[in-house]
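Undergrad: Please find one structure pasted underneath; my questions will follow.
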Amino acid sequence: MENIVTISNISKTYAGGHQALKNLSLDIKRGEILALLGPNGAGKTTLISIICGIVNATEGSITVNGHDIVSDFRTTRRMIGLVPQELTLGAFDKVINTLRFSRGLFGKKPNPSYLEQLLRSLSLWDKRHAEIMTLSGGMKRRVLIAKALAHEPVVLFLDEPTAGVDVELRKEMWTLIRRLRESGVTIILTTHYIEEAEEIADRVGVINRGELLLLDAKHSIMHKLGKKQLHIELKLPVKTVPEILSDWHLELSANGSRLNYTYDPHNTHIDIVGLLDALDAAGLQLKDISTSQRTLEDIFVSLVNETT
Amino acid sequence: MNLHAIKVIYKFEMLRAWETLLQSFASPVISTSLYFVVFGSAIGSRIQQIDGVPYGTFIVPGLMMLALLTQSTANASFGIFLPKFTGTIYEIMSAPISFIEIVIGYVGAAATKSFIIGLIILATAGFFVPLEIAHPFWMMSFLILTCISFSLFGFIIGLWANNFEKLQLIPLLVITPLVFLGGSFYSIEMLPAPWQSVSLFNPVVYLISGFRWSFFEVADVSIGLSLTMILLFMAACLFVVWWMFKTGYRMKK
């Protein structure tokens with residue numbers, strides 16, 4: 001897949017001296033959903049703001065579809081839509097008027113049928129003449145998405161699209177994002193909900209302290225880092241792991257009543273039966289056995305912890 | 001040039017004025033009428049004529065200037081301050097639009113509103129005093145130039161202000177006193193000599209003088225000087241706005 005956005009060695013130091021981004025490089029592929037994960041203050045919003053022209057980079061360059069975002073800003077900005085994190089809308093504006101405004105602002109001539117189709121797809125058509133302050137939080141967020149899509153962008157940035165929304169609306173958003181991707185829009189979303197990235201992203205990037213710690217296909221990350229654990233509950237607790245089991249690198253937990261065995265599920269040499277035999281040979285009596293998969297959240301937490 | 005963007009900004013701002021019609025247009029008319037009652041009737045009965053012009057008629061250009069300067073500044077400053085305050089400025093900042101297009105949209109709408117208010121005040125004045133305009137072309141030129149340049153000034157205030165107090169600070173503490181002391185209701189020749197010299201440092205004197213000349217052919221300073229001053233003021237405002245956008249002053253981090 002070809003790249004639609006190329007970010008090369010971007011750094012950003014704010015006037016107060018805070019370095020929000022440190023020499024960050026990243027390629028975004030056409031038609032993908034890329035989730036940028038990171039804790040608050042990681043630099044996700046700064047990165048998006050630079051691409052969209054709201055914040056100036058201190059160093060580095062960015063191209064969108066081969067066009068530089070500074071020297072050819074008119075071309076790049078026409079291709080980009082931005083849904084900000086905050087519900088920044090004019091309280092007294094009518095829904096349809098704010099959409100017409102957004103479309104015109106990005107240099108597109110009026111197209112009432114497109115706006116109607118857009119509003120219908122977001123279940124906002126009935127509210128087109130409503131003042132924004134009369135809408136619910138979920139509807140306001142959809143209005144922001146409609147505004148970002150009003151000029152038919154090919155790249156859409158969603159900054160924390162489901163922050164503070166209920167589970168039902170979050171799932172609606174995910175459906176909408178998938179639908180947009182199917183229509184050919186490249187989507188970049190920032191989130192600190194791991195579940196969100198796990199659910200909808202094709203690729204996941206982890207940002208912390210202005211650095212890109214990891215960027216890979218979601219399934220590849222899970223494949224590489226998504227280890228499994230076998231939990232062995234013991235009938236009688238032990239103080240230490242018996243010497244005979246040292247080759248298995250077991251961890252003791254739950255006050256000595258549980259042994260944990262971490263393994264790579266893709267490793268064909270894993271011998272669970274052999275482990276059970278070794279436990280038997282060590283004279284340990286088993287009460288229960290269960291397994292758990294390391295989630296994207298675990299991977300994220302360990303990555304972030306490694307850098308802090 | 002992104003003409004669609006200019007059009008939507010202009011329309012959006014004009015729509016806001018239309019939706020607050022009473023506040024936008026009726027309030028200046030009421031204020032002007034009250035000025036006529038207070039200054040025209042109460043003081044006018046004691047000052048018969050200035051430079052051969054009846055006092056009530058003499059104050060019309062000054063009254064128009066008072067409204068134009070305050071309205072232009074208020075309209076333009078609020079127009080750009082509001083999206084900054086609500087956060088919707090992100091959309092302007094991320095749009096494929098240059099500073100000059102943003103300025104044309106916002107300042108154009110603010111200047112249009114002030115221009116309409118100026119004409120309404122002129123028509124209102126016609127109900128109170130007899131009016132004749134000696135140089136209609138120059139009157140319109142001064143009217144338009146004043147609307148544009150003070151809307152530009154208001155735009156700068158709107159970009160500079162980061163709270164409502166600052167938004168009001170310059171109009172209340174600078175513009176209003178300058179207009180009152182700039183010969184709106186008198187000729188500066190009526191002042192003692194030292195104060196006449198001091199008044200010449202007030203830029204509004206040149207605006208009111210030139211505007212009054214277009215009505216009655218009487219002026220405190222030459223028409224050429226008035227015109228030069230207003231064009232210089234406009235150029236200075238444009239330069240400041242350009243610099244603010246270039247550096248992202250109080251807009252970009």
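Chains: A, B, ... in order of the structure tokens. Residues: from 1 per chain. Ligands: from 1, in order shown.
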Could you write out as a list of chain:residue names the residues of chain A within 6 Å of chain B, counting only C-alpha atoms?

TA: A:Cys52, A:Gly53, A:Ile54, A:Val55, A:Arg74, A:Arg77, A:Thr88, A:Leu89, A:Phe101, A:Gly104, A:Leu105, A:Phe106, A:Gly107

Undergrad: Once you have the residues from the selection above, write them out as a PDB file, in the first residue's frame, restricted to N, CA, C and O atoms.

TA:
```
ATOM      1  N   CYS A  52      -2.264  19.312  10.410  1.00  0.00           N
ATOM      2  CA  CYS A  52      -3.424  20.098   9.975  1.00  0.00           C
ATOM      3  C   CYS A  52      -3.128  21.597   9.875  1.00  0.00           C
ATOM      4  O   CYS A  52      -3.955  22.354   9.371  1.00  0.00           O
ATOM      5  N   GLY A  53      -1.988  22.042  10.367  1.00  0.00           N
ATOM      6  CA  GLY A  53      -1.625  23.459  10.227  1.00  0.00           C
ATOM      7  C   GLY A  53      -1.966  24.317  11.426  1.00  0.00           C
ATOM      8  O   GLY A  53      -1.870  25.534  11.358  1.00  0.00           O
ATOM      9  N   ILE A  54      -2.365  23.689  12.521  1.00  0.00           N
ATOM     10  CA  ILE A  54      -2.762  24.468  13.701  1.00  0.00           C
ATOM     11  C   ILE A  54      -1.549  24.810  14.564  1.00  0.00           C
ATOM     12  O   ILE A  54      -1.517  25.823  15.246  1.00  0.00           O
ATOM     13  N   VAL A  55      -0.545  23.965  14.517  1.00  0.00           N
ATOM     14  CA  VAL A  55       0.689  24.177  15.278  1.00  0.00           C
ATOM     15  C   VAL A  55       1.857  24.102  14.294  1.00  0.00           C
ATOM     16  O   VAL A  55       1.828  23.314  13.354  1.00  0.00           O
ATOM     17  N   ARG A  74      -2.407  24.803   0.636  1.00  0.00           N
ATOM     18  CA  ARG A  74      -3.778  24.809   0.108  1.00  0.00           C
ATOM     19  C   ARG A  74      -4.169  23.411  -0.394  1.00  0.00           C
ATOM     20  O   ARG A  74      -5.279  22.945  -0.161  1.00  0.00           O
ATOM     21  N   ARG A  77      -4.332  20.836   2.772  1.00  0.00           N
ATOM     22  CA  ARG A  77      -5.448  21.044   3.700  1.00  0.00           C
ATOM     23  C   ARG A  77      -6.792  20.694   3.073  1.00  0.00           C
ATOM     24  O   ARG A  77      -7.729  20.351   3.778  1.00  0.00           O
ATOM     25  N   THR A  88     -15.891  21.648  20.108  1.00  0.00           N
ATOM     26  CA  THR A  88     -15.778  23.062  19.760  1.00  0.00           C
ATOM     27  C   THR A  88     -16.739  23.415  18.629  1.00  0.00           C
ATOM     28  O   THR A  88     -16.436  23.219  17.455  1.00  0.00           O
ATOM     29  N   LEU A  89     -17.894  23.927  19.020  1.00  0.00           N
ATOM     30  CA  LEU A  89     -18.926  24.285  18.044  1.00  0.00           C
ATOM     31  C   LEU A  89     -19.582  25.589  18.485  1.00  0.00           C
ATOM     32  O   LEU A  89     -19.646  25.874  19.680  1.00  0.00           O
ATOM     33  N   PHE A 101     -20.728  26.249   6.088  1.00  0.00           N
ATOM     34  CA  PHE A 101     -19.553  27.062   6.398  1.00  0.00           C
ATOM     35  C   PHE A 101     -18.276  26.240   6.222  1.00  0.00           C
ATOM     36  O   PHE A 101     -17.339  26.673   5.551  1.00  0.00           O
ATOM     37  N   GLY A 104     -17.497  25.458   2.497  1.00  0.00           N
ATOM     38  CA  GLY A 104     -17.003  26.640   1.781  1.00  0.00           C
ATOM     39  C   GLY A 104     -15.603  27.015   2.216  1.00  0.00           C
ATOM     40  O   GLY A 104     -14.758  27.378   1.394  1.00  0.00           O
ATOM     41  N   LEU A 105     -15.350  26.907   3.514  1.00  0.00           N
ATOM     42  CA  LEU A 105     -14.049  27.278   4.068  1.00  0.00           C
ATOM     43  C   LEU A 105     -12.923  26.476   3.416  1.00  0.00           C
ATOM     44  O   LEU A 105     -11.820  26.970   3.223  1.00  0.00           O
ATOM     45  N   PHE A 106     -13.223  25.251   3.057  1.00  0.00           N
ATOM     46  CA  PHE A 106     -12.204  24.397   2.445  1.00  0.00           C
ATOM     47  C   PHE A 106     -12.243  24.473   0.912  1.00  0.00           C
ATOM     48  O   PHE A 106     -11.691  23.611   0.228  1.00  0.00           O
ATOM     49  N   GLY A 107     -12.906  25.527   0.419  1.00  0.00           N
ATOM     50  CA  GLY A 107     -12.844  25.826  -1.011  1.00  0.00           C
ATOM     51  C   GLY A 107     -13.756  25.012  -1.897  1.00  0.00           C
ATOM     52  O   GLY A 107     -13.572  24.979  -3.114  1.00  0.00           O
TER      53      GLY A 107
END
```

Undergrad: Could you write out, as a compact mmCIF listing (two decimals) with N, CA and C atoms, in the first residue's frame, all the residues of stretch 73-206 of chain B that DSSP marks as helix (DSSP H, G or I)?

TA:
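Full text of result-v4.txt as output:
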```
# COMPACT_ATOMS: atom_id res chain seq x y z
N THR B 73 -14.99 48.68 15.20
CA THR B 73 -14.06 48.02 16.12
C THR B 73 -14.74 46.86 16.84
N ALA B 74 -15.95 47.13 17.34
CA ALA B 74 -16.66 46.09 18.11
C ALA B 74 -17.02 44.90 17.22
N ASN B 75 -17.56 45.17 16.03
CA ASN B 75 -17.98 44.08 15.14
C ASN B 75 -16.80 43.18 14.76
N ALA B 76 -15.71 43.82 14.32
CA ALA B 76 -14.57 43.03 13.83
C ALA B 76 -13.87 42.30 14.98
N SER B 77 -13.74 42.99 16.12
CA SER B 77 -13.02 42.33 17.23
C SER B 77 -13.81 41.14 17.73
N PHE B 78 -15.13 41.30 17.86
CA PHE B 78 -15.96 40.20 18.35
C PHE B 78 -16.00 39.05 17.33
N GLY B 79 -16.05 39.43 16.03
CA GLY B 79 -16.14 38.43 14.96
C GLY B 79 -15.01 37.41 15.02
N ILE B 80 -13.78 37.86 15.29
CA ILE B 80 -12.65 36.92 15.31
C ILE B 80 -12.38 36.42 16.74
N PHE B 81 -12.80 37.20 17.74
CA PHE B 81 -12.57 36.76 19.12
C PHE B 81 -13.47 35.56 19.46
N LEU B 82 -14.70 35.59 18.95
CA LEU B 82 -15.67 34.53 19.28
C LEU B 82 -15.15 33.14 18.91
N PRO B 83 -14.69 32.92 17.66
CA PRO B 83 -14.14 31.58 17.37
C PRO B 83 -12.90 31.24 18.20
N LYS B 84 -12.14 32.26 18.57
CA LYS B 84 -10.99 31.99 19.46
C LYS B 84 -11.49 31.54 20.83
N PHE B 85 -12.52 32.20 21.30
CA PHE B 85 -13.06 31.91 22.63
C PHE B 85 -13.73 30.54 22.68
N THR B 86 -14.49 30.22 21.63
CA THR B 86 -15.21 28.94 21.63
C THR B 86 -14.34 27.77 21.16
N ILE B 89 -11.87 28.30 16.17
CA ILE B 89 -10.81 28.87 15.33
C ILE B 89 -9.97 27.77 14.68
N TYR B 90 -9.99 26.55 15.28
CA TYR B 90 -9.19 25.45 14.71
C TYR B 90 -9.54 25.22 13.25
N GLU B 91 -10.81 25.45 12.94
CA GLU B 91 -11.27 25.19 11.57
C GLU B 91 -10.67 26.21 10.59
N ILE B 92 -10.62 27.46 11.03
CA ILE B 92 -10.04 28.52 10.19
C ILE B 92 -8.54 28.23 10.01
N MET B 93 -7.91 27.84 11.12
CA MET B 93 -6.45 27.61 11.08
C MET B 93 -6.09 26.41 10.20
N PHE B 99 -4.04 34.56 5.00
CA PHE B 99 -4.43 35.61 5.95
C PHE B 99 -5.29 36.66 5.25
N ILE B 100 -4.96 36.98 4.01
CA ILE B 100 -5.68 38.05 3.32
C ILE B 100 -7.15 37.64 3.07
N GLU B 101 -7.35 36.35 2.81
CA GLU B 101 -8.73 35.86 2.59
C GLU B 101 -9.53 35.90 3.91
N ILE B 102 -8.88 35.53 5.00
CA ILE B 102 -9.55 35.60 6.32
C ILE B 102 -9.92 37.05 6.61
N VAL B 103 -8.96 37.95 6.34
CA VAL B 103 -9.20 39.37 6.61
C VAL B 103 -10.34 39.90 5.75
N ILE B 104 -10.34 39.55 4.48
CA ILE B 104 -11.42 40.04 3.59
C ILE B 104 -12.78 39.57 4.12
N GLY B 105 -12.85 38.30 4.53
CA GLY B 105 -14.12 37.76 5.03
C GLY B 105 -14.59 38.45 6.30
N TYR B 106 -13.74 38.47 7.31
CA TYR B 106 -14.15 39.03 8.61
C TYR B 106 -14.24 40.55 8.59
N VAL B 107 -13.18 41.19 8.06
CA VAL B 107 -13.17 42.66 8.06
C VAL B 107 -14.22 43.18 7.08
N GLY B 108 -14.36 42.48 5.96
CA GLY B 108 -15.38 42.89 4.97
C GLY B 108 -16.77 42.88 5.59
N ALA B 109 -17.09 41.83 6.35
CA ALA B 109 -18.41 41.74 6.97
C ALA B 109 -18.59 42.82 8.04
N ALA B 110 -17.54 43.03 8.85
CA ALA B 110 -17.63 44.05 9.91
C ALA B 110 -17.79 45.43 9.30
N ALA B 111 -17.02 45.70 8.24
CA ALA B 111 -17.09 47.01 7.58
C ALA B 111 -18.46 47.21 6.93
N THR B 112 -19.01 46.15 6.35
CA THR B 112 -20.34 46.27 5.73
C THR B 112 -21.38 46.64 6.77
N LYS B 113 -21.30 45.96 7.93
CA LYS B 113 -22.28 46.26 8.99
C LYS B 113 -22.15 47.72 9.42
N SER B 114 -20.92 48.18 9.61
CA SER B 114 -20.72 49.57 10.03
C SER B 114 -21.20 50.53 8.95
N PHE B 115 -20.95 50.19 7.71
CA PHE B 115 -21.38 51.03 6.59
C PHE B 115 -22.91 51.18 6.61
N ILE B 116 -23.59 50.07 6.82
CA ILE B 116 -25.06 50.11 6.87
C ILE B 116 -25.51 50.97 8.06
N ILE B 117 -24.84 50.78 9.20
CA ILE B 117 -25.18 51.57 10.38
C ILE B 117 -24.96 53.06 10.10
N GLY B 118 -23.85 53.39 9.43
CA GLY B 118 -23.56 54.78 9.06
C GLY B 118 -24.69 55.37 8.24
N LEU B 119 -25.13 54.62 7.25
CA LEU B 119 -26.22 55.11 6.39
C LEU B 119 -27.52 55.25 7.18
N ILE B 120 -27.77 54.31 8.10
CA ILE B 120 -28.99 54.39 8.92
C ILE B 120 -28.93 55.66 9.80
N ILE B 121 -27.75 55.92 10.35
CA ILE B 121 -27.61 57.11 11.21
C ILE B 121 -27.81 58.39 10.38
N LEU B 122 -27.27 58.37 9.16
CA LEU B 122 -27.44 59.53 8.27
C LEU B 122 -28.93 59.76 8.00
N ALA B 123 -29.64 58.67 7.71
CA ALA B 123 -31.08 58.78 7.46
C ALA B 123 -31.82 59.25 8.72
N THR B 124 -31.40 58.72 9.89
CA THR B 124 -32.03 59.14 11.15
C THR B 124 -31.81 60.63 11.39
N ALA B 125 -30.55 61.07 11.12
CA ALA B 125 -30.22 62.48 11.32
C ALA B 125 -31.11 63.37 10.45
N GLY B 126 -31.45 62.84 9.27
CA GLY B 126 -32.32 63.59 8.35
C GLY B 126 -33.68 63.91 8.95
N PHE B 127 -34.10 63.12 9.93
CA PHE B 127 -35.40 63.39 10.59
C PHE B 127 -35.29 64.55 11.59
N PHE B 128 -34.06 64.81 12.06
CA PHE B 128 -33.88 65.82 13.11
C PHE B 128 -33.41 67.17 12.57
N PRO B 136 -20.70 64.25 -2.24
CA PRO B 136 -21.18 62.87 -1.95
C PRO B 136 -20.12 61.80 -2.19
N PHE B 137 -19.31 61.99 -3.25
CA PHE B 137 -18.29 60.98 -3.57
C PHE B 137 -17.28 60.87 -2.42
N TRP B 138 -16.80 62.03 -1.94
CA TRP B 138 -15.81 62.01 -0.86
C TRP B 138 -16.44 61.55 0.45
N MET B 139 -17.71 61.89 0.61
CA MET B 139 -18.40 61.44 1.83
C MET B 139 -18.42 59.91 1.87
N MET B 140 -18.79 59.32 0.73
CA MET B 140 -18.85 57.85 0.66
C MET B 140 -17.45 57.24 0.80
N SER B 141 -16.47 57.94 0.17
CA SER B 141 -15.10 57.42 0.25
C SER B 141 -14.61 57.39 1.69
N PHE B 142 -14.82 58.51 2.42
CA PHE B 142 -14.41 58.57 3.82
C PHE B 142 -15.16 57.53 4.66
N LEU B 143 -16.43 57.40 4.34
CA LEU B 143 -17.26 56.44 5.08
C LEU B 143 -16.69 55.02 4.92
N ILE B 144 -16.43 54.65 3.67
CA ILE B 144 -15.95 53.29 3.39
C ILE B 144 -14.54 53.08 3.99
N LEU B 145 -13.66 54.08 3.77
CA LEU B 145 -12.29 53.94 4.28
C LEU B 145 -12.27 53.83 5.80
N THR B 146 -13.12 54.62 6.45
CA THR B 146 -13.18 54.56 7.92
C THR B 146 -13.69 53.20 8.38
N CYS B 147 -14.75 52.71 7.73
CA CYS B 147 -15.30 51.40 8.10
C CYS B 147 -14.24 50.31 7.97
N ILE B 148 -13.51 50.34 6.86
CA ILE B 148 -12.52 49.28 6.62
C ILE B 148 -11.35 49.40 7.60
N SER B 149 -10.82 50.63 7.74
CA SER B 149 -9.61 50.75 8.57
C SER B 149 -9.91 50.46 10.04
N PHE B 150 -11.05 50.89 10.54
CA PHE B 150 -11.33 50.61 11.95
C PHE B 150 -11.82 49.18 12.17
N SER B 151 -12.35 48.56 11.13
CA SER B 151 -12.65 47.13 11.25
C SER B 151 -11.34 46.35 11.31
N LEU B 152 -10.36 46.80 10.55
CA LEU B 152 -9.03 46.17 10.62
C LEU B 152 -8.44 46.33 12.02
N PHE B 153 -8.62 47.53 12.57
CA PHE B 153 -8.12 47.79 13.92
C PHE B 153 -8.83 46.89 14.93
N GLY B 154 -10.14 46.76 14.76
CA GLY B 154 -10.92 45.88 15.64
C GLY B 154 -10.48 44.43 15.50
N PHE B 155 -10.16 44.03 14.27
CA PHE B 155 -9.69 42.67 14.00
C PHE B 155 -8.40 42.40 14.79
N ILE B 156 -7.52 43.40 14.82
CA ILE B 156 -6.27 43.26 15.58
C ILE B 156 -6.59 43.07 17.07
N ILE B 157 -7.53 43.87 17.56
CA ILE B 157 -7.91 43.76 18.99
C ILE B 157 -8.46 42.36 19.27
N GLY B 158 -9.29 41.88 18.35
CA GLY B 158 -9.88 40.54 18.52
C GLY B 158 -8.83 39.44 18.53
N LEU B 159 -7.79 39.60 17.71
CA LEU B 159 -6.71 38.61 17.69
C LEU B 159 -5.85 38.71 18.94
N TRP B 160 -5.66 39.94 19.38
CA TRP B 160 -4.79 40.19 20.54
C TRP B 160 -5.46 39.77 21.85
N PHE B 164 -12.51 38.66 27.68
CA PHE B 164 -13.50 39.68 27.34
C PHE B 164 -13.10 41.07 27.84
N GLU B 165 -12.35 41.11 28.92
CA GLU B 165 -11.95 42.41 29.47
C GLU B 165 -11.05 43.14 28.46
N LYS B 166 -10.09 42.40 27.91
CA LYS B 166 -9.18 43.02 26.93
C LYS B 166 -9.92 43.43 25.67
N LEU B 167 -10.95 42.66 25.35
CA LEU B 167 -11.74 42.96 24.15
C LEU B 167 -12.39 44.35 24.27
N GLN B 168 -12.76 44.69 25.49
CA GLN B 168 -13.45 45.96 25.73
C GLN B 168 -12.48 47.10 26.05
N LEU B 169 -11.27 46.72 26.43
CA LEU B 169 -10.32 47.70 26.96
C LEU B 169 -10.03 48.86 25.99
N ILE B 170 -9.58 48.52 24.79
CA ILE B 170 -9.17 49.56 23.82
C ILE B 170 -10.38 50.39 23.37
N PRO B 171 -11.50 49.73 22.98
CA PRO B 171 -12.65 50.55 22.55
C PRO B 171 -13.10 51.53 23.65
N LEU B 172 -13.13 51.08 24.89
CA LEU B 172 -13.64 51.94 25.96
C LEU B 172 -12.63 52.99 26.41
N LEU B 173 -11.39 52.57 26.53
CA LEU B 173 -10.39 53.48 27.10
C LEU B 173 -9.63 54.29 26.07
N VAL B 174 -9.66 53.88 24.82
CA VAL B 174 -8.89 54.62 23.81
C VAL B 174 -9.81 55.24 22.76
N ILE B 175 -10.61 54.40 22.12
CA ILE B 175 -11.37 54.91 20.96
C ILE B 175 -12.43 55.94 21.38
N THR B 176 -13.25 55.58 22.34
CA THR B 176 -14.32 56.50 22.73
C THR B 176 -13.77 57.87 23.17
N PRO B 177 -12.76 57.92 24.06
CA PRO B 177 -12.21 59.24 24.42
C PRO B 177 -11.64 59.99 23.21
N LEU B 178 -10.95 59.25 22.32
CA LEU B 178 -10.36 59.93 21.15
C LEU B 178 -11.44 60.54 20.26
N VAL B 179 -12.56 59.83 20.14
CA VAL B 179 -13.64 60.35 19.29
C VAL B 179 -14.27 61.58 19.95
N PHE B 180 -14.50 61.47 21.25
CA PHE B 180 -15.11 62.62 21.95
C PHE B 180 -14.18 63.83 21.93
N ILE B 188 -12.24 72.09 16.51
CA ILE B 188 -11.09 72.23 17.43
C ILE B 188 -10.63 73.70 17.49
N GLU B 189 -11.09 74.50 16.53
CA GLU B 189 -10.77 75.94 16.58
C GLU B 189 -11.42 76.62 17.78
N MET B 190 -12.44 75.94 18.35
CA MET B 190 -13.12 76.51 19.51
C MET B 190 -12.30 76.33 20.78
N ALA B 193 -5.62 77.75 22.25
CA ALA B 193 -4.51 77.42 21.33
C ALA B 193 -3.69 76.18 21.74
N PRO B 194 -3.28 76.05 23.02
CA PRO B 194 -2.46 74.86 23.34
C PRO B 194 -3.21 73.56 23.09
N TRP B 195 -4.50 73.55 23.40
CA TRP B 195 -5.29 72.33 23.21
C TRP B 195 -5.53 72.02 21.74
N GLN B 196 -5.53 73.09 20.93
CA GLN B 196 -5.65 72.85 19.47
C GLN B 196 -4.43 72.05 18.99
N SER B 197 -3.25 72.44 19.48
CA SER B 197 -2.01 71.73 19.09
C SER B 197 -2.04 70.29 19.59
N VAL B 198 -2.51 70.12 20.84
CA VAL B 198 -2.58 68.77 21.40
C VAL B 198 -3.54 67.91 20.57
N SER B 199 -4.65 68.51 20.16
CA SER B 199 -5.66 67.77 19.39
C SER B 199 -5.11 67.22 18.09
N PRO B 203 -5.51 61.13 16.09
CA PRO B 203 -5.77 60.75 14.68
C PRO B 203 -7.24 60.91 14.27
N VAL B 204 -8.12 60.83 15.26
CA VAL B 204 -9.55 60.91 14.92
C VAL B 204 -9.93 62.31 14.43
N VAL B 205 -9.16 63.31 14.84
CA VAL B 205 -9.40 64.70 14.37
C VAL B 205 -9.38 64.73 12.84
N TYR B 206 -8.42 64.02 12.25
CA TYR B 206 -8.25 64.04 10.79
C TYR B 206 -9.42 63.34 10.10
```

Undergrad: Go through A:Lys44, A:Arg142, A:Lys235, A:Arg209 and flag the residue nearest A:Pro161, using only C-alpha atoms for the distances.

TA: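 With only C-alpha atoms as the atom set, the closest residue is A:Arg142.
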
Undergrad: Please provide the set of residues having any atom within 6 Å of B:Ala134, restricted to only C-alpha atoms, with same-chain residues fewer than 2 positions apart removed, written as a list in words.

TA: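 The contact residues come out as Ser214, Phe215 and Phe216 of chain B.
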